[in-house]
file input.csv (CSV, C-alpha atoms and all ligand atoms)
chain,number,residue,atom,x,y,z
A,1,MET,CA,-32.8,-13.9,-15.9
A,2,SER,CA,-32.0,-16.5,-13.3
A,3,GLY,CA,-28.7,-16.8,-11.4
A,4,LEU,CA,-28.2,-20.1,-13.0
A,5,SER,CA,-28.3,-18.8,-16.6
A,6,ARG,CA,-26.0,-16.0,-15.6
A,7,ARG,CA,-23.6,-18.4,-14.1
A,8,THR,CA,-23.6,-20.8,-17.0
A,9,LEU,CA,-22.7,-17.9,-19.2
A,10,LEU,CA,-19.4,-17.7,-17.4
A,11,GLY,CA,-18.4,-21.3,-18.2
A,12,ALA,CA,-15.9,-20.2,-20.8
A,13,ALA,CA,-14.2,-17.5,-18.8
A,14,THR,CA,-10.7,-18.1,-17.6
A,15,VAL,CA,-8.6,-16.8,-14.8
A,16,PRO,CA,-5.0,-16.0,-15.7
A,17,ALA,CA,-2.2,-18.0,-14.1
A,18,LEU,CA,-0.8,-15.9,-11.3
A,19,PRO,CA,2.4,-16.2,-9.4
A,20,LEU,CA,0.3,-16.6,-6.2
A,21,ALA,CA,-2.6,-18.3,-7.8
A,22,VAL,CA,-3.5,-21.8,-6.7
A,23,ALA,CA,-3.4,-24.3,-9.5
A,24,PRO,CA,-6.9,-24.1,-10.9
A,25,VAL,CA,-9.2,-27.1,-10.9
A,26,ALA,CA,-12.0,-27.5,-13.4
A,27,PRO,CA,-14.2,-24.5,-13.7
A,28,ALA,CA,-17.6,-24.7,-12.1
A,29,ALA,CA,-19.4,-24.8,-15.4
A,30,ALA,CA,-17.6,-27.0,-17.8
A,31,THR,CA,-20.1,-26.7,-20.6
A,32,PRO,CA,-21.0,-23.1,-21.5
A,33,SER,CA,-24.4,-22.6,-22.9
A,34,PRO,CA,-26.2,-19.5,-24.1
A,35,SER,CA,-28.0,-17.3,-21.8
A,36,SER,CA,-31.8,-17.3,-21.9
A,37,SER,CA,-34.7,-15.1,-21.0
A,38,MET,CA,-38.4,-15.4,-20.8
A,39,SER,CA,-40.4,-14.6,-24.0
A,40,PRO,CA,-43.7,-12.7,-23.8
A,41,SER,CA,-45.4,-16.0,-24.0
A,42,GLY,CA,-43.5,-17.2,-21.0
A,43,SER,CA,-41.3,-19.8,-22.7
A,44,ARG,CA,-37.6,-19.6,-22.2
A,45,VAL,CA,-35.7,-18.5,-25.3
A,46,PRO,CA,-32.0,-18.1,-25.9
A,47,THR,CA,-30.5,-14.7,-26.1
A,48,ALA,CA,-27.1,-13.5,-27.3
A,49,ARG,CA,-24.3,-13.4,-24.9
A,50,PRO,CA,-24.0,-9.8,-23.7
A,51,SER,CA,-21.1,-7.9,-25.2
A,52,GLY,CA,-18.6,-5.8,-23.3
A,53,LEU,CA,-18.1,-7.9,-20.2
A,54,ALA,CA,-16.8,-5.9,-17.3
A,55,ALA,CA,-13.3,-6.4,-16.0
A,56,LEU,CA,-12.2,-6.2,-12.4
A,57,THR,CA,-8.9,-4.7,-11.2
A,58,TRP,CA,-7.8,-5.4,-7.6
A,59,LEU,CA,-6.8,-2.1,-5.9
A,60,GLY,CA,-5.4,-3.9,-2.8
A,61,ASN,CA,-7.2,-4.6,0.5
A,62,ALA,CA,-11.0,-4.8,-0.4
A,63,GLY,CA,-10.7,-2.3,-3.3
A,64,TRP,CA,-11.8,-2.9,-6.9
A,65,ARG,CA,-12.1,-0.9,-10.1
A,66,ILE,CA,-14.8,-2.3,-12.4
A,67,GLU,CA,-14.7,-1.1,-16.0
A,68,GLY,CA,-18.0,-1.5,-17.9
A,69,THR,CA,-18.5,-0.5,-21.5
A,70,ARG,CA,-19.4,3.1,-20.5
A,71,SER,CA,-18.6,3.6,-16.9
A,72,VAL,CA,-16.2,3.0,-14.1
A,73,THR,CA,-17.3,1.7,-10.7
A,74,LEU,CA,-15.0,1.7,-7.7
A,75,VAL,CA,-15.5,-0.4,-4.6
A,76,ASP,CA,-13.7,0.5,-1.3
A,77,PRO,CA,-10.8,2.2,-3.1
A,78,TYR,CA,-8.0,2.8,-0.6
A,79,VAL,CA,-4.8,3.5,-2.4
A,80,THR,CA,-3.1,5.9,0.0
A,81,ARG,CA,-2.4,3.0,2.5
A,82,PHE,CA,-0.8,5.1,5.2
A,83,ASP,CA,1.0,3.4,8.1
A,84,THR,CA,-1.1,2.7,11.2
A,85,GLY,CA,1.4,0.3,12.8
A,86,LEU,CA,-1.1,-2.5,12.4
A,87,SER,CA,1.2,-4.7,10.4
A,88,ARG,CA,4.0,-4.3,13.0
A,89,GLY,CA,1.7,-5.2,15.9
A,90,ALA,CA,1.9,-1.5,17.0
A,91,PHE,CA,-1.5,-0.2,16.0
A,92,VAL,CA,-2.1,3.5,16.7
A,93,ALA,CA,-5.8,4.2,16.9
A,94,THR,CA,-5.2,7.9,16.6
A,95,THR,CA,-3.3,7.7,13.3
A,96,PRO,CA,-4.1,10.9,11.3
A,97,LEU,CA,-6.0,10.5,8.1
A,98,THR,CA,-4.0,11.5,5.1
A,99,VAL,CA,-4.4,11.2,1.3
A,100,ASP,CA,-1.7,10.4,-1.2
A,101,GLU,CA,-3.1,12.5,-4.1
A,102,GLN,CA,-0.5,11.1,-6.5
A,103,ALA,CA,-1.7,7.5,-5.7
A,104,VAL,CA,-5.3,8.6,-6.1
A,105,ALA,CA,-4.6,10.3,-9.4
A,106,ARG,CA,-2.7,7.3,-10.7
A,107,HIS,CA,-5.0,4.5,-9.6
A,108,CYS,CA,-8.4,6.2,-9.6
A,109,PRO,CA,-8.3,8.8,-12.4
A,110,ARG,CA,-11.9,8.2,-13.3
A,111,ALA,CA,-15.0,7.0,-11.5
A,112,ASP,CA,-18.7,7.4,-12.1
A,113,ARG,CA,-19.6,5.9,-8.8
A,114,ILE,CA,-17.9,4.6,-5.6
A,115,LEU,CA,-19.5,1.8,-3.6
A,116,VAL,CA,-18.4,1.7,0.0
A,117,THR,CA,-18.9,-1.4,2.2
A,118,HIS,CA,-18.4,0.3,5.5
A,119,SER,CA,-16.8,3.4,7.0
A,120,HIS,CA,-13.5,2.1,8.5
A,121,TRP,CA,-10.5,4.1,7.2
A,122,ASP,CA,-9.1,1.3,5.0
A,123,HIS,CA,-12.3,1.4,3.0
A,124,VAL,CA,-13.5,5.1,3.1
A,125,ALA,CA,-10.5,7.3,3.7
A,126,ASP,CA,-9.7,8.0,0.1
A,127,VAL,CA,-13.3,8.2,-1.1
A,128,PRO,CA,-13.8,12.0,-0.6
A,129,ALA,CA,-10.6,12.8,-2.5
A,130,ILE,CA,-11.5,10.4,-5.3
A,131,ALA,CA,-15.1,11.8,-5.5
A,132,ALA,CA,-13.6,15.4,-5.6
A,133,ARG,CA,-11.3,14.4,-8.4
A,134,THR,CA,-13.7,12.5,-10.5
A,135,GLY,CA,-17.2,13.8,-9.6
A,136,ALA,CA,-18.3,10.3,-8.7
A,137,THR,CA,-21.4,9.6,-6.6
A,138,VAL,CA,-20.8,7.8,-3.3
A,139,PHE,CA,-23.0,4.9,-2.3
A,140,GLY,CA,-23.0,3.4,1.1
A,141,THR,CA,-24.7,3.2,4.5
A,142,ARG,CA,-26.2,6.3,6.2
A,143,THR,CA,-23.0,6.5,8.3
A,144,THR,CA,-20.8,6.4,5.2
A,145,GLY,CA,-22.9,9.2,3.7
A,146,PHE,CA,-22.4,11.3,6.9
A,147,VAL,CA,-18.7,10.6,6.9
A,148,ALA,CA,-18.4,11.5,3.2
A,149,ARG,CA,-20.2,14.7,3.7
A,150,ALA,CA,-18.1,15.5,6.8
A,151,MET,CA,-15.1,15.0,4.5
A,152,GLY,CA,-16.3,17.4,1.9
A,153,VAL,CA,-18.5,15.4,-0.5
A,154,SER,CA,-21.6,17.3,-1.5
A,155,ALA,CA,-24.9,15.9,-0.2
A,156,THR,CA,-26.0,15.8,-3.8
A,157,ARG,CA,-23.4,13.2,-4.6
A,158,VAL,CA,-24.1,10.9,-1.7
A,159,VAL,CA,-26.7,8.1,-1.9
A,160,ASP,CA,-27.7,6.0,1.1
A,161,VAL,CA,-28.4,2.4,0.5
A,162,ARG,CA,-29.3,-0.3,3.0
A,163,GLY,CA,-29.3,-3.7,1.2
A,164,GLY,CA,-31.8,-5.2,-1.3
A,165,GLU,CA,-31.5,-2.4,-3.9
A,166,VAL,CA,-30.8,-3.5,-7.5
A,167,LEU,CA,-29.4,-0.4,-9.1
A,168,ASP,CA,-29.3,-0.2,-12.9
A,169,PHE,CA,-26.6,2.1,-14.3
A,170,GLY,CA,-27.0,1.0,-17.9
A,171,ASP,CA,-23.8,-0.9,-18.6
A,172,VAL,CA,-23.5,-2.1,-15.0
A,173,VAL,CA,-26.0,-3.4,-12.5
A,174,VAL,CA,-25.3,-3.3,-8.8
A,175,GLU,CA,-27.1,-5.3,-6.2
A,176,VAL,CA,-26.7,-4.0,-2.6
A,177,VAL,CA,-26.5,-6.8,0.0
A,178,ARG,CA,-26.9,-6.4,3.8
A,179,SER,CA,-23.8,-7.8,5.4
A,180,LEU,CA,-21.8,-7.9,8.6
A,181,HIS,CA,-18.3,-6.9,9.8
A,182,SER,CA,-15.8,-9.3,11.2
A,183,ARG,CA,-15.3,-9.5,14.9
A,184,ASN,CA,-12.2,-9.8,17.0
A,185,ALA,CA,-11.3,-12.4,19.6
A,186,LYS,CA,-13.7,-10.8,22.1
A,187,HIS,CA,-16.5,-10.9,19.5
A,188,ALA,CA,-16.4,-7.1,19.2
A,189,ILE,CA,-16.0,-4.8,16.2
A,190,LEU,CA,-13.1,-2.4,15.9
A,191,PHE,CA,-14.4,1.3,16.0
A,192,PRO,CA,-18.0,0.2,16.4
A,193,GLY,CA,-21.0,2.5,16.0
A,194,THR,CA,-23.2,4.4,13.6
A,195,LEU,CA,-23.7,8.1,12.9
A,196,THR,CA,-27.0,9.9,13.0
A,197,ASP,CA,-25.8,13.2,11.5
A,198,VAL,CA,-22.9,14.8,9.8
A,199,PRO,CA,-20.0,14.9,12.4
A,200,ALA,CA,-17.1,17.2,12.7
A,201,ALA,CA,-14.5,16.6,10.0
A,202,PRO,CA,-12.8,13.3,10.9
A,203,VAL,CA,-9.1,13.7,11.9
A,204,SER,CA,-7.9,10.3,12.8
A,205,ILE,CA,-8.9,6.7,11.9
A,206,ALA,CA,-10.7,6.4,15.2
A,207,ASP,CA,-13.1,9.1,14.0
A,208,LEU,CA,-14.5,6.6,11.4
A,209,PRO,CA,-16.9,4.1,12.9
A,210,GLU,CA,-17.8,0.9,11.2
A,211,GLY,CA,-21.4,2.2,10.6
A,212,ASP,CA,-22.9,-1.2,9.5
A,213,THR,CA,-21.6,-3.2,6.6
A,214,LEU,CA,-22.8,-3.9,3.1
A,215,SER,CA,-21.5,-6.0,0.3
A,216,TYR,CA,-22.2,-5.5,-3.4
A,217,VAL,CA,-22.9,-7.8,-6.4
A,218,VAL,CA,-21.7,-6.0,-9.5
A,219,GLY,CA,-22.2,-7.3,-13.0
A,220,THR,CA,-23.3,-6.5,-16.6
A,221,PRO,CA,-27.0,-6.6,-17.4
A,222,GLY,CA,-27.9,-10.2,-17.8
A,223,GLY,CA,-24.2,-11.1,-17.6
A,224,PRO,CA,-21.7,-12.4,-15.1
A,225,ARG,CA,-21.7,-11.0,-11.6
A,226,ALA,CA,-19.2,-10.6,-8.8
A,227,TYR,CA,-19.9,-10.6,-5.1
A,228,LEU,CA,-17.5,-8.1,-3.5
A,229,SER,CA,-17.2,-8.1,0.2
A,230,GLY,CA,-15.2,-5.8,2.4
A,231,ALA,CA,-15.2,-7.6,5.7
A,232,SER,CA,-14.8,-11.3,6.7
A,233,ASP,CA,-18.4,-12.0,7.8
A,234,ALA,CA,-21.7,-12.2,6.0
A,235,ASP,CA,-25.4,-12.3,6.8
A,236,VAL,CA,-25.9,-15.5,4.9
A,237,ARG,CA,-29.7,-15.2,5.1
A,238,ALA,CA,-29.3,-12.1,2.9
A,239,LEU,CA,-27.3,-14.0,0.3
A,240,SER,CA,-29.7,-16.7,-0.7
A,241,ASP,CA,-30.3,-17.0,-4.5
A,242,LEU,CA,-27.5,-14.6,-5.3
A,243,ARG,CA,-25.4,-17.2,-7.0
A,244,PRO,CA,-22.5,-15.0,-8.2
A,245,ASP,CA,-19.9,-16.2,-10.7
A,246,VAL,CA,-17.1,-14.6,-8.8
A,247,ALA,CA,-16.7,-14.0,-5.1
A,248,ALA,CA,-14.1,-11.7,-3.6
A,249,VAL,CA,-13.8,-12.9,0.0
A,250,PRO,CA,-11.8,-11.2,2.7
A,251,VAL,CA,-9.3,-13.4,4.5
A,252,ALA,CA,-9.0,-11.1,7.5
A,253,ALA,CA,-9.6,-12.6,10.9
A,254,ALA,CA,-12.7,-14.7,11.0
A,255,ASP,CA,-12.0,-17.0,13.9
A,256,ALA,CA,-14.7,-15.4,16.1
A,257,THR,CA,-17.4,-16.3,13.5
A,258,HIS,CA,-18.4,-20.0,13.4
A,259,ASP,CA,-17.8,-21.6,10.0
A,260,TYR,CA,-17.5,-18.3,8.2
A,261,LEU,CA,-16.1,-19.6,4.9
A,262,PRO,CA,-18.1,-22.8,4.5
A,263,ARG,CA,-21.4,-21.1,5.3
A,264,LEU,CA,-20.5,-18.2,2.9
A,265,LEU,CA,-19.4,-20.4,0.0
A,266,GLU,CA,-22.3,-22.8,0.4
A,267,THR,CA,-24.8,-20.0,0.5
A,268,LEU,CA,-23.2,-18.4,-2.6
A,269,ASP,CA,-23.6,-21.9,-4.2
A,270,ARG,CA,-19.8,-22.3,-4.6
A,271,PRO,CA,-18.9,-19.6,-7.1
A,272,ARG,CA,-16.8,-20.4,-10.2
A,273,THR,CA,-14.0,-18.2,-8.9
A,274,VAL,CA,-13.1,-17.3,-5.4
A,275,VAL,CA,-10.7,-14.3,-5.0
A,276,ALA,CA,-8.9,-13.8,-1.7
A,277,VAL,CA,-8.8,-10.2,-0.7
A,278,HIS,CA,-8.1,-8.1,2.5
A,279,TRP,CA,-4.9,-10.1,3.3
A,280,ASP,CA,-2.3,-7.7,2.1
A,281,ASP,CA,-0.3,-5.2,4.0
A,282,PHE,CA,-2.4,-2.0,3.6
A,283,ASP,CA,0.0,-0.2,5.9
A,284,ALA,CA,2.3,0.0,2.9
A,285,PRO,CA,1.8,1.4,-0.7
A,286,LEU,CA,0.5,-0.7,-3.5
A,287,GLY,CA,3.3,-3.0,-4.8
A,288,VAL,CA,5.3,-2.7,-1.5
A,289,GLY,CA,2.4,-4.0,0.5
A,290,GLU,CA,1.8,-6.9,-1.8
A,291,ARG,CA,2.6,-9.3,1.1
A,292,PRO,CA,0.5,-10.7,3.9
A,293,LEU,CA,-0.4,-8.1,6.5
A,294,ASP,CA,1.6,-9.9,9.2
A,295,ALA,CA,2.8,-13.3,10.2
A,296,SER,CA,-0.6,-14.4,11.3
A,297,MET,CA,-2.1,-13.5,7.9
A,298,GLY,CA,0.9,-15.3,6.3
A,299,GLN,CA,-0.5,-18.5,8.0
A,300,ARG,CA,-4.1,-17.6,7.4
A,301,LEU,CA,-3.8,-17.2,3.6
A,302,PRO,CA,-2.8,-20.7,2.7
A,303,ARG,CA,-5.4,-22.1,5.2
A,304,PHE,CA,-8.0,-20.0,3.5
A,305,VAL,CA,-7.0,-21.4,0.1
A,306,ASP,CA,-7.1,-24.9,1.4
A,307,GLU,CA,-10.5,-24.4,3.0
A,308,VAL,CA,-12.0,-23.0,-0.2
A,309,LYS,CA,-10.7,-26.0,-2.1
A,310,ARG,CA,-12.2,-28.3,0.5
A,311,VAL,CA,-15.6,-26.6,0.6
A,312,SER,CA,-15.8,-25.8,-3.0
A,313,PRO,CA,-13.5,-28.1,-4.9
A,314,ARG,CA,-14.6,-27.0,-8.4
A,315,SER,CA,-13.9,-23.3,-7.7
A,316,THR,CA,-10.7,-21.7,-8.9
A,317,VAL,CA,-9.0,-19.9,-6.1
A,318,VAL,CA,-7.1,-16.7,-7.0
A,319,VAL,CA,-4.7,-14.9,-4.7
A,320,PRO,CA,-4.4,-11.8,-6.9
A,321,ARG,CA,-1.5,-9.4,-7.3
A,322,HIS,CA,-1.9,-5.7,-6.8
A,323,LEU,CA,-3.6,-4.1,-9.8
A,324,GLN,CA,-4.2,-7.6,-11.3
A,325,ARG,CA,-7.0,-7.4,-13.8
A,326,LEU,CA,-9.5,-10.3,-13.8
A,327,PRO,CA,-12.2,-11.0,-16.3
A,328,LEU,CA,-15.6,-11.0,-14.8
B,1,ZN,ZN,-13.5,-2.8,8.7

call {"tool": "encode", "arguments": {"input": "input.csv", "output": "structure tokens", "more": "lines below"}}
Ligand SMILES: [Zn+2]
result
Amino acid sequence: MSGLSRRTLLGAATVPALPLAVAPVAPAAATPSPSSSMSPSGSRVPTARPSGLAALTWLGNAGWRIEGTRSVTLVDPYVTRFDTGLSRGAFVATTPLTVDEQAVARHCPRADRILVTHSHWDHVADVPAIAARTGATVFGTRTTGFVARAMGVSATRVVDVRGGEVLDFGDVVVEVVRSLHSRNAKHAILFPGTLTDVPAAPVSIADLPEGDTLSYVVGTPGGPRAYLSGASDADVRALSDLRPDVAAVPVAAADATHDYLPRLLETLDRPRTVVAVHWDDFDAPLGVGERPLDASMGQRLPRFVDEVKRVSPRSTVVVPRHLQRLPL
């Protein structure tokens, strides 16, 4: 099934009005039409709209819970949200890694798989605890796999992916996409590097290198799909023809990357819905941290919304609340 037919399928979907949501403009596909597929003879025939569409719940930062009809997929679940000083301009690179087991139990009680974009603490720190509690399999880069194993996840429940894989889980299909991490003002990456073997158990956030970055396209078989990114950059040449219906796009610093948002949205063919993520204060618990990370992010967020509307005027821009559930 082509991306076009998948997208057209989403024409009827709506995004709930949110306190922080930008007033929606017309959805990208105003006239929904049935999906279609190729018949054995090669002609295109309509098929029924898939039932049991997945729903996305924002877990803060770049985290998502995706509920399919039979399974739960997590992306970058980080619900402990310990204080690193980042939001106060007093970042401590040796901040110890801790896990809030109550938050993990409350927000991630069940998972069949965990997809990790990269190995920075605000994406991976809770993953071993969630895997231990749920028995989920962890998918990510080789570095993420080594980190997960160093933090106690069995090698039998770690799967390395590199981008290009299209993984069929029955009720959910996951496409792995090669991606890039954002860069600071010096065009460098925080905690750079990759691992080539299982390290000593990480103790602080500095023990977790970026380890290359992936993004994921998650959807139902033949149904709508969401592009879920964990860092504010992308290898746009790896994105051609993806055409997701929803794009979760990190707002975090992107000034060092030329035309990040326009190039991304144009390559994704201006998704129906663009969700702003990675803008909240992940130094504070869910709910409390439902505010821009710092003053700079407070200015960045409305600029991001304006830029999405300029580049992709038919997209609905959503600035979600913590634990907001969005239809896919
Ligand atoms: Zn990162």

call {"tool": "residues_around", "arguments": {"input": "input.csv", "residues": "A:His123", "least_positions_apart": "4", "cutoff": "9 Å", "atoms": "all atoms listed in the file", "output": "ChimeraX atom specification"}}
result
/A:61-63,75-78,116-119,127,230

call {"tool": "residues_near_ligand", "arguments": {"input": "input.csv", "ligand": "ligand ZN 1 (chain B)", "cutoff": "9 Å", "atoms": "all atoms listed in the file", "output": "MDAnalysis selection string"}}
result
chainID A and resid 117:123 181:182 189:191 209:210 213 230:232

call {"tool": "atom_distance", "arguments": {"input": "input.csv", "atom1": "atom CA of A:Ala131", "atom2": "atom CA of A:Arg157"}}
result
8.5 Å

call {"tool": "residues_near_point", "arguments": {"input": "input.csv", "point": "(-11.9, -5.9, -12.1)", "cutoff": "10 Å", "atoms": "all atoms listed in the file", "output": "list of chain:residue names"}}
result
A:Ala54, A:Ala55, A:Leu56, A:Thr57, A:Trp58, A:Leu59, A:Gly63, A:Trp64, A:Arg65, A:Ile66, A:Glu67, A:Gly68, A:Thr73, A:Leu74, A:Val75, A:Ala226, A:Leu323, A:Gln324, A:Arg325, A:Leu326, A:Pro327, A:Leu328

call {"tool": "closest_residue", "arguments": {"input": "input.csv", "among": "A:Lys309, A:Arg321, A:Arg110, A:Arg237", "to": "A:Val288", "atoms": "all atoms listed in the file"}}
result
A:Arg321

call {"tool": "closest_residue", "arguments": {"input": "input.csv", "among": "A:Pro250, A:Gly85, A:Pro262, A:Gly193", "to": "A:Val311", "atoms": "only C-alpha atoms"}}
result
A:Pro262

call {"tool": "residues_around", "arguments": {"input": "input.csv", "residues": "A:Pro285", "least_positions_apart": "3", "cutoff": "8 Å", "atoms": "only C-alpha atoms", "output": "PyMOL selection string"}}
result
chain A and resi 79-82+282+288-289

call {"tool": "build_atoms", "arguments": {"input": "input.csv", "residues": "stretch 131-161 of chain A", "atoms": "N, CA and C atoms", "output": "PDB file, in the frame of the given file"}}
result
ATOM      1  N   ALA A 131     -13.815  11.223  -5.024  1.00  0.00           N
ATOM      2  CA  ALA A 131     -15.100  11.800  -5.500  1.00  0.00           C
ATOM      3  C   ALA A 131     -14.814  13.274  -5.947  1.00  0.00           C
ATOM      4  N   ALA A 132     -13.945  13.998  -5.220  1.00  0.00           N
ATOM      5  CA  ALA A 132     -13.600  15.400  -5.600  1.00  0.00           C
ATOM      6  C   ALA A 132     -12.945  15.420  -6.968  1.00  0.00           C
ATOM      7  N   ARG A 133     -12.048  14.456  -7.184  1.00  0.00           N
ATOM      8  CA  ARG A 133     -11.300  14.400  -8.400  1.00  0.00           C
ATOM      9  C   ARG A 133     -12.117  14.007  -9.622  1.00  0.00           C
ATOM     10  N   THR A 134     -13.030  13.091  -9.388  1.00  0.00           N
ATOM     11  CA  THR A 134     -13.700  12.500 -10.500  1.00  0.00           C
ATOM     12  C   THR A 134     -15.187  12.916 -10.657  1.00  0.00           C
ATOM     13  N   GLY A 135     -15.749  13.492  -9.601  1.00  0.00           N
ATOM     14  CA  GLY A 135     -17.200  13.800  -9.600  1.00  0.00           C
ATOM     15  C   GLY A 135     -18.070  12.622  -9.406  1.00  0.00           C
ATOM     16  N   ALA A 136     -17.497  11.532  -8.918  1.00  0.00           N
ATOM     17  CA  ALA A 136     -18.300  10.300  -8.700  1.00  0.00           C
ATOM     18  C   ALA A 136     -19.310  10.483  -7.601  1.00  0.00           C
ATOM     19  N   THR A 137     -20.369   9.710  -7.683  1.00  0.00           N
ATOM     20  CA  THR A 137     -21.400   9.600  -6.600  1.00  0.00           C
ATOM     21  C   THR A 137     -20.972   8.524  -5.648  1.00  0.00           C
ATOM     22  N   VAL A 138     -21.155   8.781  -4.362  1.00  0.00           N
ATOM     23  CA  VAL A 138     -20.800   7.800  -3.300  1.00  0.00           C
ATOM     24  C   VAL A 138     -21.997   7.097  -2.800  1.00  0.00           C
ATOM     25  N   PHE A 139     -21.948   5.785  -2.844  1.00  0.00           N
ATOM     26  CA  PHE A 139     -23.000   4.900  -2.300  1.00  0.00           C
ATOM     27  C   PHE A 139     -22.549   4.198  -1.093  1.00  0.00           C
ATOM     28  N   GLY A 140     -23.390   4.152  -0.067  1.00  0.00           N
ATOM     29  CA  GLY A 140     -23.000   3.400   1.100  1.00  0.00           C
ATOM     30  C   GLY A 140     -24.105   3.562   2.186  1.00  0.00           C
ATOM     31  N   THR A 141     -23.768   3.141   3.399  1.00  0.00           N
ATOM     32  CA  THR A 141     -24.700   3.200   4.500  1.00  0.00           C
ATOM     33  C   THR A 141     -24.954   4.711   4.858  1.00  0.00           C
ATOM     34  N   ARG A 142     -25.930   4.943   5.728  1.00  0.00           N
ATOM     35  CA  ARG A 142     -26.200   6.300   6.200  1.00  0.00           C
ATOM     36  C   ARG A 142     -24.892   6.855   6.843  1.00  0.00           C
ATOM     37  N   THR A 143     -24.215   6.012   7.641  1.00  0.00           N
ATOM     38  CA  THR A 143     -23.000   6.500   8.300  1.00  0.00           C
ATOM     39  C   THR A 143     -21.935   6.846   7.256  1.00  0.00           C
ATOM     40  N   THR A 144     -21.772   6.021   6.238  1.00  0.00           N
ATOM     41  CA  THR A 144     -20.800   6.400   5.200  1.00  0.00           C
ATOM     42  C   THR A 144     -21.188   7.685   4.531  1.00  0.00           C
ATOM     43  N   GLY A 145     -22.472   7.909   4.327  1.00  0.00           N
ATOM     44  CA  GLY A 145     -22.900   9.200   3.700  1.00  0.00           C
ATOM     45  C   GLY A 145     -22.561  10.351   4.629  1.00  0.00           C
ATOM     46  N   PHE A 146     -22.772  10.204   5.928  1.00  0.00           N
ATOM     47  CA  PHE A 146     -22.400  11.300   6.900  1.00  0.00           C
ATOM     48  C   PHE A 146     -20.920  11.529   6.869  1.00  0.00           C
ATOM     49  N   VAL A 147     -20.155  10.440   6.872  1.00  0.00           N
ATOM     50  CA  VAL A 147     -18.700  10.600   6.900  1.00  0.00           C
ATOM     51  C   VAL A 147     -18.241  11.281   5.576  1.00  0.00           C
ATOM     52  N   ALA A 148     -18.795  10.850   4.454  1.00  0.00           N
ATOM     53  CA  ALA A 148     -18.400  11.500   3.200  1.00  0.00           C
ATOM     54  C   ALA A 148     -18.702  12.952   3.180  1.00  0.00           C
ATOM     55  N   ARG A 149     -19.877  13.301   3.698  1.00  0.00           N
ATOM     56  CA  ARG A 149     -20.200  14.700   3.700  1.00  0.00           C
ATOM     57  C   ARG A 149     -19.334  15.494   4.690  1.00  0.00           C
ATOM     58  N   ALA A 150     -18.991  14.869   5.820  1.00  0.00           N
ATOM     59  CA  ALA A 150     -18.100  15.500   6.800  1.00  0.00           C
ATOM     60  C   ALA A 150     -16.703  15.742   6.159  1.00  0.00           C
ATOM     61  N   MET A 151     -16.360  14.919   5.178  1.00  0.00           N
ATOM     62  CA  MET A 151     -15.100  15.000   4.500  1.00  0.00           C
ATOM     63  C   MET A 151     -15.141  15.777   3.204  1.00  0.00           C
ATOM     64  N   GLY A 152     -16.257  16.462   3.002  1.00  0.00           N
ATOM     65  CA  GLY A 152     -16.300  17.400   1.900  1.00  0.00           C
ATOM     66  C   GLY A 152     -17.109  17.008   0.675  1.00  0.00           C
ATOM     67  N   VAL A 153     -17.685  15.811   0.665  1.00  0.00           N
ATOM     68  CA  VAL A 153     -18.500  15.400  -0.500  1.00  0.00           C
ATOM     69  C   VAL A 153     -19.853  16.075  -0.414  1.00  0.00           C
ATOM     70  N   SER A 154     -20.284  16.656  -1.504  1.00  0.00           N
ATOM     71  CA  SER A 154     -21.600  17.300  -1.500  1.00  0.00           C
ATOM     72  C   SER A 154     -22.703  16.318  -1.268  1.00  0.00           C
ATOM     73  N   ALA A 155     -23.710  16.769  -0.513  1.00  0.00           N
ATOM     74  CA  ALA A 155     -24.900  15.900  -0.200  1.00  0.00           C
ATOM     75  C   ALA A 155     -25.543  15.441  -1.502  1.00  0.00           C
ATOM     76  N   THR A 156     -25.407  16.207  -2.564  1.00  0.00           N
ATOM     77  CA  THR A 156     -26.000  15.800  -3.800  1.00  0.00           C
ATOM     78  C   THR A 156     -25.328  14.661  -4.501  1.00  0.00           C
ATOM     79  N   ARG A 157     -24.131  14.345  -4.018  1.00  0.00           N
ATOM     80  CA  ARG A 157     -23.400  13.200  -4.600  1.00  0.00           C
ATOM     81  C   ARG A 157     -23.203  12.082  -3.609  1.00  0.00           C
ATOM     82  N   VAL A 158     -24.108  12.015  -2.654  1.00  0.00           N
ATOM     83  CA  VAL A 158     -24.100  10.900  -1.700  1.00  0.00           C
ATOM     84  C   VAL A 158     -25.458  10.231  -1.723  1.00  0.00           C
ATOM     85  N   VAL A 159     -25.428   8.924  -1.850  1.00  0.00           N
ATOM     86  CA  VAL A 159     -26.700   8.100  -1.900  1.00  0.00           C
ATOM     87  C   VAL A 159     -26.625   7.056  -0.844  1.00  0.00           C
ATOM     88  N   ASP A 160     -27.609   7.070   0.036  1.00  0.00           N
ATOM     89  CA  ASP A 160     -27.700   6.000   1.100  1.00  0.00           C
ATOM     90  C   ASP A 160     -28.350   4.775   0.493  1.00  0.00           C
ATOM     91  N   VAL A 161     -27.779   3.639   0.813  1.00  0.00           N
ATOM     92  CA  VAL A 161     -28.400   2.400   0.500  1.00  0.00           C
ATOM     93  C   VAL A 161     -28.360   1.478   1.712  1.00  0.00           C
TER      94      VAL A 161
END
